[in-house]
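Input: a single structure, listed below in structure tokens.
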Amino acid sequence: MNRCNIGKIGIGLVLCVLSGIACADLPKPTATIEARATIVRGCQLSNIEQMLSFNKQAAMTQSKVEAHIENTSQSWSIRCTANTPVSIKLNNGENFLNDHWRMKHQTKDEYIPYLFFQDSGEQFEYKVGEAVNLSATNEQQAILRFSFFALVDLNNGNQARSAGIYKDSVAITIAW
């Protein structure tokens with residue numbers, strides 16, 4: 001501390017004592033701190049990738065096979081702020097052709113087409129790049145409710161497929 005500061009403190013104490021005023025009664029300088037946060041609506045997801053599996057099928061299978069995945073706390077776990085309008089849309093994946101997503105054989109140039117639906121009754125089809133509005137969440141139910149029902153028709157004109165793994169990767173865009 002320099003001499004000027006020591007002198008000021010000493011003079012202040014002497015003035016308090018000489019004037020008969022208790023130094024504790026003097027007004028203290030005050031300042032305020034304003035704390036502020038802006039909370040915006042939004043969504044978050046816990047898991048980025050999920051597997052939609054049509055399971056193992058015989059190479060000669062000629063039936064329709066369905067697979068299903070739903071947004072739950074065990075899958076993507078997409079949660080949104082209550083009453084937030086949300087939509088989702090799908091991209092064309094890696095092998096899209098003629099209005100069908102297609103799974104490609106792991107080593108051969110062979111494909112199996114499939115479709116996505118919003119419901120198990122296959123009445124509401126997802127279309128590439130077309131936004132689907134979802135019901136907003138609420139205070140009691142923060143997990144966004146939606147499902148994917150995928151359908152693959154293995155009829156393929158009575159032609160057998162090569163054995164192996166077929167796959168595709170489709171991105172879901174969530175907008176709010």
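Ordering of the structure tokens sets the chain letters (A, B, ...); residue numbers start at 1 within each chain; ligands are numbered from 1 in the order shown.
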
From a backbone DSSP assignment, name each residue in chain A labelled strand (DSSP E or B), as a PyMOL selection string. chain A and resi 43-44+64-70+79-80+86-90+97+100-105+111-117+125+128+132-134+143+147-153+166-167+172-175

Taking a cut-off of 9 Å and counting only C-alpha atoms, can you build a table that, for each residue of range 21-104 of chain A near range 130-149 of chain A, reports the nearest atom pair and how far apart they are in Å (one decimal), sorted by chain then residue number, as a tab-separated table?
residue	atom	partner	partner_atom	distance
A:Cys43	CA	A:Leu144	CA	8.9
A:Leu52	CA	A:Phe148	CA	8.8
A:Glu66	CA	A:Phe149	CA	6.8
A:Ala67	CA	A:Phe149	CA	5.8
A:His68	CA	A:Phe149	CA	4.5
A:Ile69	CA	A:Phe148	CA	5.3
A:Glu70	CA	A:Ser147	CA	4.2
A:Asn71	CA	A:Phe146	CA	5.9
A:Thr72	CA	A:Ile143	CA	6.8
A:Ser73	CA	A:Ile143	CA	7.3
A:Ser77	CA	A:Ile143	CA	6.5
A:Ile78	CA	A:Ile143	CA	5.7
A:Arg79	CA	A:Ile143	CA	4.3
A:Cys80	CA	A:Ala142	CA	5.7
A:Thr81	CA	A:Ala142	CA	6.8
A:Ala82	CA	A:Asn138	CA	4.2
A:Asn83	CA	A:Ala136	CA	5.1
A:Thr84	CA	A:Ala136	CA	5.6
A:Pro85	CA	A:Ala136	CA	5.5
A:Val86	CA	A:Leu134	CA	5.7
A:Ser87	CA	A:Asn133	CA	4.2
A:Ile88	CA	A:Val132	CA	5.4
A:Lys89	CA	A:Ala131	CA	4.7
A:Leu90	CA	A:Glu130	CA	7.3
A:Asn91	CA	A:Glu130	CA	8.8

Quick one: DSSP alpha helix (DSSP H) residues in range 4-153 of chain A, as a PyMOL selection string? chain A and resi 4-19

Limited to all heavy atoms, could you put the picked residues into a file as a CSV table (one decimal), in the first residue's frame?
chain,number,residue,atom,x,y,z
A,4,CYS,N,-0.2,7.4,0.3
A,4,CYS,CA,-1.5,8.2,0.1
A,4,CYS,C,-2.6,7.4,0.6
A,4,CYS,O,-3.5,7.9,1.2
A,4,CYS,CB,-1.6,8.5,-1.4
A,4,CYS,SG,-0.5,9.7,-2.0
A,5,ASN,N,-2.7,6.1,0.3
A,5,ASN,CA,-3.8,5.3,0.7
A,5,ASN,C,-3.8,5.1,2.3
A,5,ASN,O,-4.8,5.1,2.9
A,5,ASN,CB,-3.7,3.9,0.1
A,5,ASN,CG,-4.1,3.9,-1.4
A,5,ASN,OD1,-4.7,4.8,-1.8
A,5,ASN,ND2,-3.6,2.9,-2.1
A,6,ILE,N,-2.6,5.0,2.9
A,6,ILE,CA,-2.5,4.9,4.3
A,6,ILE,C,-3.0,6.1,5.0
A,6,ILE,O,-3.8,6.1,5.9
A,6,ILE,CB,-1.1,4.6,4.8
A,6,ILE,CG1,-0.7,3.2,4.3
A,6,ILE,CG2,-0.9,4.7,6.3
A,6,ILE,CD1,0.8,2.8,4.5
A,7,GLY,N,-2.7,7.3,4.4
A,7,GLY,CA,-3.1,8.6,4.9
A,7,GLY,C,-4.6,8.7,4.8
A,7,GLY,O,-5.3,9.2,5.8
A,8,LYS,N,-5.2,8.3,3.8
A,8,LYS,CA,-6.7,8.4,3.6
A,8,LYS,C,-7.4,7.6,4.6
A,8,LYS,O,-8.4,8.0,5.2
A,8,LYS,CB,-7.1,8.0,2.2
A,8,LYS,CG,-6.7,9.0,1.1
A,8,LYS,CD,-7.1,8.6,-0.2
A,8,LYS,CE,-6.6,9.5,-1.3
A,8,LYS,NZ,-6.9,9.0,-2.7
A,9,ILE,N,-6.9,6.3,4.8
A,9,ILE,CA,-7.6,5.5,5.8
A,9,ILE,C,-7.5,6.0,7.2
A,9,ILE,O,-8.4,6.1,7.9
A,9,ILE,CB,-6.9,4.0,5.7
A,9,ILE,CG1,-7.2,3.4,4.4
A,9,ILE,CG2,-7.4,3.2,6.9
A,9,ILE,CD1,-6.5,2.1,4.1
A,10,GLY,N,-6.3,6.5,7.5
A,10,GLY,CA,-6.1,7.1,8.9
A,10,GLY,C,-6.9,8.3,9.1
A,10,GLY,O,-7.5,8.5,10.1
A,11,ILE,N,-7.1,9.2,8.1
A,11,ILE,CA,-7.9,10.4,8.2
A,11,ILE,C,-9.4,10.0,8.4
A,11,ILE,O,-10.1,10.6,9.2
A,11,ILE,CB,-7.7,11.4,7.0
A,11,ILE,CG1,-6.2,11.9,7.1
A,11,ILE,CG2,-8.7,12.5,7.0
A,11,ILE,CD1,-5.9,12.7,5.8
A,12,GLY,N,-9.8,9.0,7.6
A,12,GLY,CA,-11.2,8.6,7.7
A,12,GLY,C,-11.5,8.0,9.1
A,12,GLY,O,-12.6,8.3,9.6
A,13,LEU,N,-10.6,7.3,9.7
A,13,LEU,CA,-10.8,6.7,11.0
A,13,LEU,C,-10.9,7.9,12.1
A,13,LEU,O,-11.7,7.8,13.0
A,13,LEU,CB,-9.8,5.7,11.4
A,13,LEU,CG,-9.8,4.4,10.7
A,13,LEU,CD1,-8.6,3.6,11.0
A,13,LEU,CD2,-11.1,3.6,11.0
A,14,VAL,N,-10.0,8.8,12.0
A,14,VAL,CA,-9.9,9.9,12.9
A,14,VAL,C,-11.2,10.7,12.8
A,14,VAL,O,-11.8,11.1,13.8
A,14,VAL,CB,-8.7,10.8,12.6
A,14,VAL,CG1,-8.8,12.1,13.4
A,14,VAL,CG2,-7.4,10.1,13.0
A,15,LEU,N,-11.7,11.0,11.6
A,15,LEU,CA,-13.0,11.8,11.4
A,15,LEU,C,-14.2,11.0,12.0
A,15,LEU,O,-15.0,11.6,12.6
A,15,LEU,CB,-13.3,12.0,9.9
A,15,LEU,CG,-12.3,13.0,9.3
A,15,LEU,CD1,-12.6,13.1,7.8
A,15,LEU,CD2,-12.5,14.4,9.9
A,16,CYS,N,-14.2,9.7,11.9
A,16,CYS,CA,-15.3,8.9,12.5
A,16,CYS,C,-15.3,9.1,14.0
A,16,CYS,O,-16.3,9.3,14.6
A,16,CYS,CB,-15.2,7.4,12.1
A,16,CYS,SG,-15.7,7.0,10.5
A,17,VAL,N,-14.1,8.9,14.6
A,17,VAL,CA,-14.0,9.0,16.1
A,17,VAL,C,-14.3,10.4,16.6
A,17,VAL,O,-15.0,10.6,17.6
A,17,VAL,CB,-12.6,8.5,16.5
A,17,VAL,CG1,-12.4,8.7,18.0
A,17,VAL,CG2,-12.4,7.0,16.1
A,18,LEU,N,-13.7,11.4,16.0
A,18,LEU,CA,-13.9,12.8,16.4
A,18,LEU,C,-15.3,13.3,16.3
A,18,LEU,O,-15.8,14.1,17.1
A,18,LEU,CB,-12.9,13.7,15.7
A,18,LEU,CG,-11.4,13.5,16.0
A,18,LEU,CD1,-10.6,14.5,15.1
A,18,LEU,CD2,-11.1,13.8,17.4
A,19,SER,N,-16.0,12.9,15.3
A,19,SER,CA,-17.4,13.4,15.1
A,19,SER,C,-18.4,12.7,16.0
A,19,SER,O,-19.5,13.1,16.0
A,19,SER,CB,-17.8,13.3,13.6
A,19,SER,OG,-17.8,11.9,13.3

Would you mind telling me which residue in A:Gln118, A:Asn55, A:Asn98, A:Ser75 lies nearest to Tyr166 in chain A when using only C-alpha atoms? A:Asn55

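Closest approach to Glu94 in chain A among A:Gln50, A:Ser169, A:Gly164, A:Lys56 is made by A:Ser169 (distances from only C-alpha atoms).
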
Hey, what's within 12 Å of Leu115 in chain A if we count only C-alpha atoms and toss same-chain stuff fewer than 2 positions away? As a PyMOL selection string, please? chain A and resi 64-68+90+92-93+96-103+112-113+117-119+122-128+148-153+168+170

What would the file look like if the residues just selected were written as a compact mmCIF listing (two decimals), in the first residue's frame with C-alpha atoms?
# COMPACT_ATOMS: atom_id res chain seq x y z
CA LYS A 64 -43.27 -59.02 -47.56
CA VAL A 65 -41.24 -58.36 -44.43
CA GLU A 66 -41.79 -55.46 -42.03
CA ALA A 67 -39.39 -53.84 -39.58
CA HIS A 68 -40.23 -51.21 -36.98
CA LEU A 90 -35.81 -38.34 -44.37
CA ASN A 92 -32.75 -40.41 -49.91
CA GLY A 93 -30.20 -42.66 -48.24
CA PHE A 96 -32.39 -44.37 -53.67
CA LEU A 97 -33.99 -45.06 -57.08
CA ASN A 98 -37.52 -44.84 -58.53
CA ASP A 99 -39.21 -43.62 -55.32
CA HIS A 100 -37.71 -46.43 -53.23
CA TRP A 101 -34.96 -46.58 -50.70
CA ARG A 102 -32.73 -49.53 -51.50
CA MET A 103 -30.41 -51.71 -49.46
CA ILE A 112 -33.47 -54.71 -52.36
CA PRO A 113 -36.02 -51.84 -52.45
CA PHE A 117 -44.40 -45.65 -43.36
CA GLN A 118 -45.55 -43.64 -40.35
CA ASP A 119 -48.01 -46.33 -39.28
CA GLU A 122 -48.98 -48.66 -44.22
CA GLN A 123 -51.40 -45.82 -44.98
CA PHE A 124 -49.08 -42.86 -44.40
CA GLU A 125 -45.85 -43.16 -46.34
CA TYR A 126 -42.74 -41.10 -45.70
CA LYS A 127 -41.45 -39.42 -48.85
CA VAL A 128 -37.87 -38.28 -49.42
CA PHE A 148 -40.81 -45.84 -38.71
CA PHE A 149 -42.40 -48.91 -40.21
CA ALA A 150 -40.28 -50.20 -43.08
CA LEU A 151 -41.58 -52.67 -45.62
CA VAL A 152 -39.52 -54.76 -48.01
CA ASP A 153 -41.25 -56.88 -50.66
CA ASP A 168 -28.59 -48.60 -46.48
CA VAL A 170 -30.89 -42.89 -44.17

Provide the CA of Ala171 in chain A to CA of Tyr114 in chain A distance in Å, to one decimal place. 15.2 Å

d(CA of Phe54 in chain A, CA of Ser162 in chain A) in Å: 15.9 Å

CA of Lys167 in chain A to CA of Ala59 in chain A measures 15.4 Å

Within 10 Å of Ala160 in chain A, counting only C-alpha atoms, which residues qualify if same-chain residues fewer than 5 places away don't, as a PyMOL selection string? chain A and resi 58-62+154-155
